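So this block is work.csv, CSV, C-alpha atoms and all ligand atoms:
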chain,number,residue,atom,x,y,z
A,1285,MET,CA,-21.4,16.0,13.8
A,1286,SER,CA,-19.4,13.0,12.7
A,1287,LYS,CA,-21.3,13.0,9.5
A,1288,LYS,CA,-20.1,16.4,8.9
A,1289,ARG,CA,-16.5,15.4,9.6
A,1290,GLU,CA,-16.6,12.6,7.1
A,1291,LYS,CA,-17.5,15.0,4.4
A,1292,GLN,CA,-14.7,17.4,5.1
A,1293,THR,CA,-11.8,17.4,2.7
A,1294,ASP,CA,-8.3,16.7,3.9
A,1295,SER,CA,-7.4,20.3,3.5
A,1296,ASP,CA,-10.2,21.4,5.8
A,1297,LEU,CA,-9.1,18.9,8.4
A,1298,VAL,CA,-5.5,19.9,8.2
A,1299,ARG,CA,-6.4,23.5,8.6
A,1300,GLU,CA,-8.5,22.7,11.7
A,1301,VAL,CA,-5.7,20.5,13.2
A,1302,LYS,CA,-3.4,23.5,12.7
A,1303,GLN,CA,-5.9,25.6,14.6
A,1304,GLY,CA,-5.8,23.0,17.4
A,1305,ASP,CA,-9.0,21.0,16.9
A,1306,PRO,CA,-8.5,17.6,18.4
A,1307,ALA,CA,-11.6,16.2,16.7
A,1308,ALA,CA,-10.1,17.0,13.3
A,1309,MET,CA,-7.0,15.1,14.3
A,1310,GLU,CA,-9.2,12.1,15.3
A,1311,GLU,CA,-10.7,12.1,11.9
A,1312,ILE,CA,-7.3,12.1,10.2
A,1313,VAL,CA,-6.3,9.1,12.3
A,1314,LYS,CA,-9.6,7.4,11.4
A,1315,ARG,CA,-9.1,8.1,7.7
A,1316,TYR,CA,-5.5,7.2,7.4
A,1317,SER,CA,-4.5,4.7,10.1
A,1318,ASN,CA,-5.1,1.6,7.9
A,1319,LYS,CA,-3.3,3.2,5.0
A,1320,VAL,CA,-0.3,4.1,7.1
A,1321,TYR,CA,-0.2,0.7,8.7
A,1322,ASN,CA,-0.5,-1.1,5.4
A,1323,LEU,CA,2.2,0.9,3.8
A,1324,ALA,CA,4.5,0.4,6.8
A,1325,TYR,CA,3.8,-3.3,6.9
A,1326,HIS,CA,4.5,-3.7,3.2
A,1327,LEU,CA,7.8,-1.9,3.5
A,1328,THR,CA,8.9,-3.7,6.7
A,1329,ARG,CA,7.1,-7.0,6.6
A,1330,ASP,CA,6.7,-6.8,10.3
A,1331,ALA,CA,3.4,-6.3,12.0
A,1332,HIS,CA,4.9,-5.1,15.2
A,1333,ALA,CA,7.2,-2.6,13.5
A,1334,ALA,CA,4.3,-1.4,11.4
A,1335,GLU,CA,2.3,-0.5,14.5
A,1336,GLU,CA,5.3,1.4,16.0
A,1337,ILE,CA,5.8,3.2,12.8
A,1338,MET,CA,2.2,4.1,12.6
A,1339,GLN,CA,2.3,5.6,16.0
A,1340,ASP,CA,5.5,7.6,15.2
A,1341,VAL,CA,3.9,8.8,12.0
A,1342,PHE,CA,0.9,10.3,13.7
A,1343,LEU,CA,3.1,11.9,16.4
A,1344,THR,CA,5.2,13.4,13.6
A,1345,VAL,CA,2.0,14.7,12.0
A,1346,ILE,CA,1.1,16.5,15.3
A,1347,ALA,CA,4.6,17.9,15.6
A,1348,LYS,CA,5.2,18.9,12.0
A,1349,ILE,CA,1.8,19.7,10.5
A,1350,GLY,CA,2.5,23.3,10.9
A,1351,THR,CA,5.3,23.0,8.3
A,1352,LEU,CA,2.9,21.7,5.7
A,1353,THR,CA,2.2,24.8,3.7
A,1354,THR,CA,-0.1,23.3,1.0
A,1355,GLU,CA,-2.9,21.5,2.9
A,1356,ALA,CA,-4.0,19.6,-0.2
A,1357,TYR,CA,-0.7,17.7,-0.3
A,1358,PHE,CA,-1.5,16.1,3.1
A,1359,SER,CA,-1.8,12.5,1.9
A,1360,THR,CA,1.4,12.7,-0.2
A,1361,TRP,CA,3.2,14.2,2.7
A,1362,LEU,CA,1.8,11.5,5.0
A,1363,TYR,CA,3.1,8.8,2.7
A,1364,ARG,CA,6.5,10.4,2.7
A,1365,VAL,CA,6.6,10.6,6.4
A,1366,THR,CA,5.6,6.9,6.6
A,1367,THR,CA,8.1,5.8,4.0
A,1368,ASN,CA,10.9,7.7,5.8
A,1369,ALA,CA,9.9,6.1,9.1
A,1370,ALA,CA,9.9,2.7,7.6
A,1371,TYR,CA,13.3,3.3,6.1
A,1372,GLY,CA,14.5,4.5,9.4
A,1373,TYR,CA,13.3,1.3,11.0
A,1374,LEU,CA,14.9,-0.9,8.3
A,1375,ARG,CA,18.2,1.0,8.7
A,1376,LYS,CA,18.2,0.7,12.4
A,1377,GLU,CA,17.5,-3.0,12.2
A,1378,LYS,CA,20.1,-3.4,9.5
A,1379,LYS,CA,17.4,-4.8,7.3
A,1380,PHE,CA,18.0,-2.2,4.7
A,1381,SER,CA,19.9,-4.1,2.1
A,1382,GLU,CA,21.0,-2.3,-1.0
A,1383,GLN,CA,20.9,-5.4,-3.0
A,1384,THR,CA,22.6,-5.4,-6.4
A,1385,PRO,CA,20.3,-3.3,-8.6
A,1386,VAL,CA,19.1,-5.5,-11.3
A,1387,GLU,CA,20.1,-3.2,-14.2
A,1388,ASP,CA,20.6,-5.8,-16.7
A,1389,ILE,CA,17.2,-7.3,-17.2
A,1390,ASP,CA,17.1,-8.2,-20.8
A,1391,GLN,CA,13.9,-6.6,-22.0
A,1392,GLU,CA,14.3,-8.4,-25.3
A,1393,GLN,CA,14.1,-11.7,-23.5
A,1394,PHE,CA,10.4,-12.3,-23.8
A,1395,LEU,CA,8.9,-15.3,-22.3
A,1396,GLU,CA,7.0,-17.2,-24.9
A,1397,TYR,CA,4.9,-18.9,-22.4
A,1398,ASP,CA,1.6,-17.3,-22.0
A,1399,TRP,CA,0.5,-18.2,-18.5
A,1400,THR,CA,-2.3,-15.6,-18.5
A,1401,ASN,CA,-4.6,-18.2,-19.9
A,1402,LEU,CA,-4.4,-20.3,-16.8
A,1403,PRO,CA,-7.7,-20.6,-15.0
A,1404,ASP,CA,-8.4,-18.0,-12.3
A,1405,ASP,CA,-8.3,-20.6,-9.6
A,1406,VAL,CA,-4.6,-21.1,-10.5
A,1407,LEU,CA,-3.8,-17.4,-11.1
A,1408,LEU,CA,-5.5,-16.2,-8.0
A,1409,SER,CA,-4.7,-19.2,-5.7
A,1410,GLU,CA,-3.4,-18.5,-2.3
A,1411,GLU,CA,-0.2,-20.1,-3.4
A,1412,SER,CA,0.3,-17.8,-6.3
A,1413,LYS,CA,-0.4,-14.8,-4.2
A,1414,GLU,CA,2.1,-16.0,-1.7
A,1415,VAL,CA,4.7,-16.4,-4.5
A,1416,LEU,CA,4.0,-12.9,-5.6
A,1417,ARG,CA,4.2,-11.5,-2.1
A,1418,ARG,CA,7.5,-13.2,-1.6
A,1419,SER,CA,8.7,-12.0,-5.0
A,1420,ILE,CA,7.8,-8.4,-4.1
A,1421,ASP,CA,9.7,-8.8,-0.8
A,1422,SER,CA,12.7,-10.0,-2.7
A,1423,LEU,CA,12.9,-6.9,-4.9
A,1424,PRO,CA,15.8,-4.5,-4.2
A,1425,GLU,CA,14.5,-1.8,-1.7
A,1426,ALA,CA,14.3,1.0,-4.2
A,1427,MET,CA,12.2,-1.0,-6.6
A,1428,ARG,CA,10.1,-2.6,-4.0
A,1429,THR,CA,9.0,0.7,-2.5
A,1430,VAL,CA,7.9,1.9,-5.9
A,1431,VAL,CA,6.1,-1.3,-6.8
A,1432,VAL,CA,4.3,-1.3,-3.5
A,1433,LEU,CA,3.2,2.3,-3.7
A,1434,LYS,CA,2.0,2.0,-7.3
A,1435,ASP,CA,0.8,-1.5,-7.8
A,1436,VAL,CA,-0.3,-2.5,-4.4
A,1437,GLU,CA,-1.4,0.8,-2.9
A,1438,GLY,CA,-2.5,2.4,-6.1
A,1439,LEU,CA,-0.7,5.8,-5.9
A,1440,LYS,CA,0.0,7.9,-9.0
A,1441,ASN,CA,3.5,8.2,-10.5
A,1442,GLU,CA,3.6,11.9,-9.5
A,1443,GLU,CA,2.6,11.1,-5.9
A,1444,ILE,CA,5.3,8.4,-5.6
A,1445,ALA,CA,7.9,10.8,-7.0
A,1446,GLU,CA,6.9,13.4,-4.4
A,1447,THR,CA,6.8,10.8,-1.7
A,1448,LEU,CA,10.2,9.5,-2.4
A,1449,GLY,CA,11.8,12.7,-3.5
A,1450,ILE,CA,12.8,11.3,-6.9
A,1451,SER,CA,11.9,12.2,-10.4
A,1452,VAL,CA,8.9,10.8,-12.3
A,1453,PRO,CA,11.2,9.1,-14.9
A,1454,ALA,CA,13.0,7.5,-12.0
A,1455,VAL,CA,9.7,6.2,-10.6
A,1456,LYS,CA,8.8,4.8,-14.0
A,1457,SER,CA,12.1,3.1,-14.6
A,1458,ARG,CA,12.2,1.5,-11.2
A,1459,LEU,CA,8.6,0.4,-11.6
A,1460,HIS,CA,9.2,-1.1,-15.0
A,1461,ARG,CA,12.2,-3.0,-13.9
A,1462,GLY,CA,10.5,-4.2,-10.8
A,1463,ARG,CA,7.5,-5.4,-12.8
A,1464,LEU,CA,9.8,-7.3,-15.2
A,1465,ILE,CA,11.4,-9.1,-12.3
A,1466,LEU,CA,8.0,-10.0,-10.8
A,1467,ARG,CA,6.8,-11.2,-14.2
A,1468,GLN,CA,9.9,-13.3,-14.5
A,1469,LEU,CA,9.4,-14.9,-11.1
A,1470,LEU,CA,5.7,-15.4,-11.8
A,1471,SER,CA,6.5,-17.0,-15.1
A,1472,GLU,CA,8.9,-19.4,-13.5
A,1473,TYR,CA,6.3,-20.3,-10.9
A,1474,PHE,CA,3.4,-20.8,-13.3
A,1475,SER,CA,5.6,-22.8,-15.7
A,1476,LYS,CA,4.9,-25.8,-13.5
A,1477,TYR,CA,1.5,-25.8,-15.0
A,1478,THR,CA,2.9,-25.9,-18.6
A,1479,GLU,CA,2.7,-29.6,-19.1
A,1480,PRO,CA,-0.9,-30.6,-19.4
A,1481,SER,CA,-0.2,-33.4,-16.9
A,1482,LYS,CA,-3.4,-32.8,-15.0
A,1483,GLU,CA,-5.1,-36.0,-14.3
A,1484,LYS,CA,-8.2,-34.8,-16.1
A,1485,GLU,CA,-9.2,-37.4,-18.6
B,916,MET,CA,7.5,-0.1,-34.3
B,917,ASN,CA,10.0,-2.7,-33.2
B,918,CYS,CA,9.7,-5.1,-30.3
B,919,LYS,CA,12.1,-3.1,-28.1
B,920,LEU,CA,10.2,0.1,-28.4
B,921,CYS,CA,6.9,-1.7,-28.1
B,922,SER,CA,7.8,-3.3,-24.8
B,923,ALA,CA,9.3,0.0,-23.5
B,924,LEU,CA,5.8,1.5,-23.9
B,925,PHE,CA,3.9,-1.1,-21.9
B,926,GLN,CA,3.9,1.0,-18.8
B,927,GLU,CA,2.4,4.1,-20.4
B,928,PHE,CA,0.1,1.9,-22.3
B,929,LEU,CA,-1.4,0.5,-19.1
B,930,ASP,CA,-1.4,4.0,-17.5
B,931,ASN,CA,-3.4,5.2,-20.5
B,932,SER,CA,-0.9,8.0,-21.0
B,933,LEU,CA,0.1,7.4,-24.6
B,934,SER,CA,-1.0,9.5,-27.5
B,935,GLU,CA,-3.8,8.0,-29.7
B,936,GLU,CA,-1.2,7.5,-32.4
B,937,LEU,CA,1.1,5.4,-30.2
B,938,ILE,CA,-1.7,3.4,-28.8
B,939,VAL,CA,-2.7,2.4,-32.3
B,940,GLU,CA,1.0,1.6,-33.1
B,941,VAL,CA,1.3,-0.6,-30.0
B,942,GLN,CA,-2.0,-2.3,-30.7
B,943,ASN,CA,-0.9,-3.0,-34.3
B,944,HIS,CA,2.4,-4.3,-33.3
B,945,VAL,CA,1.0,-6.6,-30.7
B,946,ARG,CA,-1.5,-7.9,-33.1
B,947,ALA,CA,1.2,-8.8,-35.5
B,948,CYS,CA,3.9,-10.0,-33.1
B,949,SER,CA,3.1,-13.0,-30.9
B,950,LYS,CA,6.1,-12.4,-28.7
B,951,CYS,CA,5.0,-8.9,-27.7
B,952,ARG,CA,1.4,-10.1,-27.5
B,953,VAL,CA,2.4,-12.6,-24.8
B,954,SER,CA,4.7,-10.1,-23.2
B,955,LEU,CA,2.0,-7.5,-22.9
B,956,ARG,CA,-0.4,-10.0,-21.5
B,957,THR,CA,2.0,-11.3,-18.9
B,958,TYR,CA,3.1,-7.8,-18.0
B,959,THR,CA,-0.5,-6.7,-17.6
B,960,VAL,CA,-1.5,-9.7,-15.5
B,961,THR,CA,1.5,-9.3,-13.3
B,962,VAL,CA,0.3,-5.8,-12.5
B,963,THR,CA,-3.3,-6.9,-11.9
B,964,LEU,CA,-2.1,-9.7,-9.6
B,965,SER,CA,0.0,-7.2,-7.6
B,966,ARG,CA,-3.2,-5.2,-6.9
B,967,LYS,CA,-4.7,-8.3,-5.5
B,968,VAL,CA,-1.9,-9.0,-3.0
B,969,ASP,CA,-3.9,-8.7,0.2
B,970,PRO,CA,-3.1,-5.8,2.3
B,971,PRO,CA,-2.1,-7.0,5.7
B,972,CYS,CA,-5.0,-5.0,6.9
B,973,CYS,CA,-6.2,-3.6,9.4
B,974,VAL,CA,-5.0,-2.1,12.6
B,975,SER,CA,-6.5,-4.0,15.5
B,976,ARG,CA,-9.1,-2.3,17.7
B,977,GLU,CA,-6.8,-2.2,20.7
B,978,THR,CA,-3.9,-0.7,18.7
B,979,LEU,CA,-6.2,2.0,17.3
B,980,ASP,CA,-7.5,2.8,20.8
B,981,ARG,CA,-4.0,3.0,22.1
B,982,LEU,CA,-3.0,5.2,19.2
B,983,ARG,CA,-6.0,7.5,19.8
B,984,LYS,CA,-5.1,7.9,23.4
B,985,ILE,CA,-1.5,8.7,22.6
B,986,ILE,CA,-2.6,11.2,19.9
B,987,ARG,CA,-5.0,12.9,22.3
B,988,GLU,CA,-2.4,13.3,25.0
B,989,ASN,CA,0.3,14.5,22.6
B,990,PHE,CA,-2.1,16.8,20.8
B,991,SER,CA,-3.2,18.7,23.8
B,992,LYS,CA,0.4,18.8,25.1
B,993,SER,CA,1.7,20.3,21.8
B,994,ARG,CA,-1.2,22.7,21.7
B,995,GLY,CA,-0.6,23.7,25.3
B,996,ALA,CA,3.0,24.6,24.4
B,997,VAL,CA,2.0,26.5,21.3
B,998,VAL,CA,-1.0,28.4,22.4
C,1,ZN,ZN,7.3,-7.5,-31.1
Mind turning this structure into structure tokens?
Ligand SMILES: [Zn+2]
Amino acid sequence: MSKKREKQTDSDLVREVKQGDPAAMEEIVKRYSNKVYNLAYHLTRDAHAAEEIMQDVFLTVIAKIGTLTTEAYFSTWLYRVTTNAAYGYLRKEKKFSEQTPVEDIDQEQFLEYDWTNLPDDVLLSEESKEVLRRSIDSLPEAMRTVVVLKDVEGLKNEEIAETLGISVPAVKSRLHRGRLILRQLLSEYFSKYTEPSKEKE
Amino acid sequence: MNCKLCSALFQEFLDNSLSEELIVEVQNHVRACSKCRVSLRTYTVTVTLSRKVDPPCCVSRETLDRLRKIIRENFSKSRGAVV
């Protein structure tokens, strides 16, 4: 029974939910609760808010699933509902800051310092992950959402465009600028390893 | 290919969405230009590291149980209204 459920496509499940099958709804919750939670958490940075949002999102699914005409778009639709709910929360909490868009990143300004050669235990240290996490948090909202959806959650450009209701070129431009800022911040952080001042010899 | 165009193509390069021709052009430029070589590397590793930012993961057992209960209640309620 549950084996059968696991093999069903999202489209099948959505169709069954529309027909009123509670077990299909359970399967959707099982499949997507962590994804919805993670996305909400990345966007709000608040575990409690993420739980509330997750609950609202699934209630919205129940209430609105009838309006979803193309069943195959379920996951994209779900991401959009989640993003909107997270934005709603941020606005309500006045945490939605339209920071000055960083339009003027000088793409010509390459950093000569190649920190990618640093050993993995530096690149992948808890500290560097924390730096990156904070850097992502510090991105202007519009860029942060795109970077989280693409680079952290692994969505495709088209899915992100659909989720946020913006064009694919807009996704790409926000993503590129976001990544350039992150790279800049990482370069600054890793530059402390530039001097070979390690007490090695 | 100049440096500006080269760096503007990094994203598509990583997405594997460039034409064969442009891939070769980017590769050739990067081979010859140390600035862009470093730039592509740091760009690429920035993306790789973002993938490794741990998801806060996972919804706790209690939260999930509570969610399930709420979903069940609301689901039958909404069905009751519709059917
Ligand atoms: Zn160059």
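Each of B:Arg966, B:Thr978, B:Ile938, B:Arg952 was checked against ligand ZN 1 (chain C) using all atoms listed in the file; the smallest atom-to-atom distance is that of B:Arg952.
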CA of Pro1306 (chain A) to CA of Ser975 (chain B), distance in Å rounded to a single decimal: 21.9 Å
For chain B, the nearest of the candidates A:Arg1329, A:Ser1419, A:Asn1322, A:Thr1367, counting only C-alpha atoms: A:Asn1322
Produce as an mmCIF file with C-alpha atoms, keeping the file's coordinate frame the set of residues near ligand ZN 1 (chain C), where near means within 12 Å with only C-alpha atoms and all ligand atoms considered.
data_model
loop_
_atom_site.group_PDB
_atom_site.id
_atom_site.type_symbol
_atom_site.label_atom_id
_atom_site.label_comp_id
_atom_site.auth_asym_id
_atom_site.auth_seq_id
_atom_site.Cartn_x
_atom_site.Cartn_y
_atom_site.Cartn_z
ATOM 1 C CA GLN A 1391 13.900 -6.600 -22.000
ATOM 2 C CA GLU A 1392 14.300 -8.400 -25.300
ATOM 3 C CA GLN A 1393 14.100 -11.700 -23.500
ATOM 4 C CA PHE A 1394 10.400 -12.300 -23.800
ATOM 5 C CA LEU A 1395 8.900 -15.300 -22.300
ATOM 6 C CA GLU A 1396 7.000 -17.200 -24.900
ATOM 7 C CA MET B 916 7.500 -0.100 -34.300
ATOM 8 C CA ASN B 917 10.000 -2.700 -33.200
ATOM 9 C CA CYS B 918 9.700 -5.100 -30.300
ATOM 10 C CA LYS B 919 12.100 -3.100 -28.100
ATOM 11 C CA LEU B 920 10.200 0.100 -28.400
ATOM 12 C CA CYS B 921 6.900 -1.700 -28.100
ATOM 13 C CA SER B 922 7.800 -3.300 -24.800
ATOM 14 C CA ALA B 923 9.300 0.000 -23.500
ATOM 15 C CA LEU B 924 5.800 1.500 -23.900
ATOM 16 C CA PHE B 925 3.900 -1.100 -21.900
ATOM 17 C CA GLU B 940 1.000 1.600 -33.100
ATOM 18 C CA VAL B 941 1.300 -0.600 -30.000
ATOM 19 C CA GLN B 942 -2.000 -2.300 -30.700
ATOM 20 C CA ASN B 943 -0.900 -3.000 -34.300
ATOM 21 C CA HIS B 944 2.400 -4.300 -33.300
ATOM 22 C CA VAL B 945 1.000 -6.600 -30.700
ATOM 23 C CA ARG B 946 -1.500 -7.900 -33.100
ATOM 24 C CA ALA B 947 1.200 -8.800 -35.500
ATOM 25 C CA CYS B 948 3.900 -10.000 -33.100
ATOM 26 C CA SER B 949 3.100 -13.000 -30.900
ATOM 27 C CA LYS B 950 6.100 -12.400 -28.700
ATOM 28 C CA CYS B 951 5.000 -8.900 -27.700
ATOM 29 C CA ARG B 952 1.400 -10.100 -27.500
ATOM 30 C CA VAL B 953 2.400 -12.600 -24.800
ATOM 31 C CA SER B 954 4.700 -10.100 -23.200
ATOM 32 C CA LEU B 955 2.000 -7.500 -22.900
#
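CA of Glu1311 (chain A) is positioned 7.6 Å from CA of Glu1290 (chain A).
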Among listed residues A:Thr1360, A:Arg1375, A:Val1432, A:Leu1423, nearest Glu1446 (chain A) (using only C-alpha atoms):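 Using only C-alpha atoms, Glu1446 (chain A) sits closest to A:Thr1360.
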Interface, chain A side, toward chain B (8 Å; all atoms listed in the file) as a VMD selection string: chain A and resid 1304 1306 1310 1313 1317 to 1318 1321 to 1322 1325 to 1326 1335 1339 1342 to 1343 1346 to 1347 1391 to 1392 1394 to 1400 1408 1413 1416 to 1417 1435 to 1438 1456 1460 1463 to 1464 1466 to 1467 1470
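Between CA of Ala1369 (chain A) and CA of Ile1337 (chain A) the separation is 6.2 Å.
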Residue among A:Leu1362, A:Asn1441, A:Ser1471, A:Lys1434 lying closest to Lys1319 (chain A), counting all atoms listed in the file: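 Looking only at the distances to Lys1319 (chain A), the closest residue turns out to be A:Leu1362.
Shortest atom-to-atom contact with Arg1458 (chain A) among A:Ile1444, A:Val1341, A:Met1427, A:Leu1433: A:Met1427, counting all atoms listed in the file.
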Nearest to Leu1459 (chain A), chosen from A:Leu1439, A:Tyr1477, A:Thr1429, A:Asp1294, with all atoms listed in the file counted in the distances: A:Thr1429
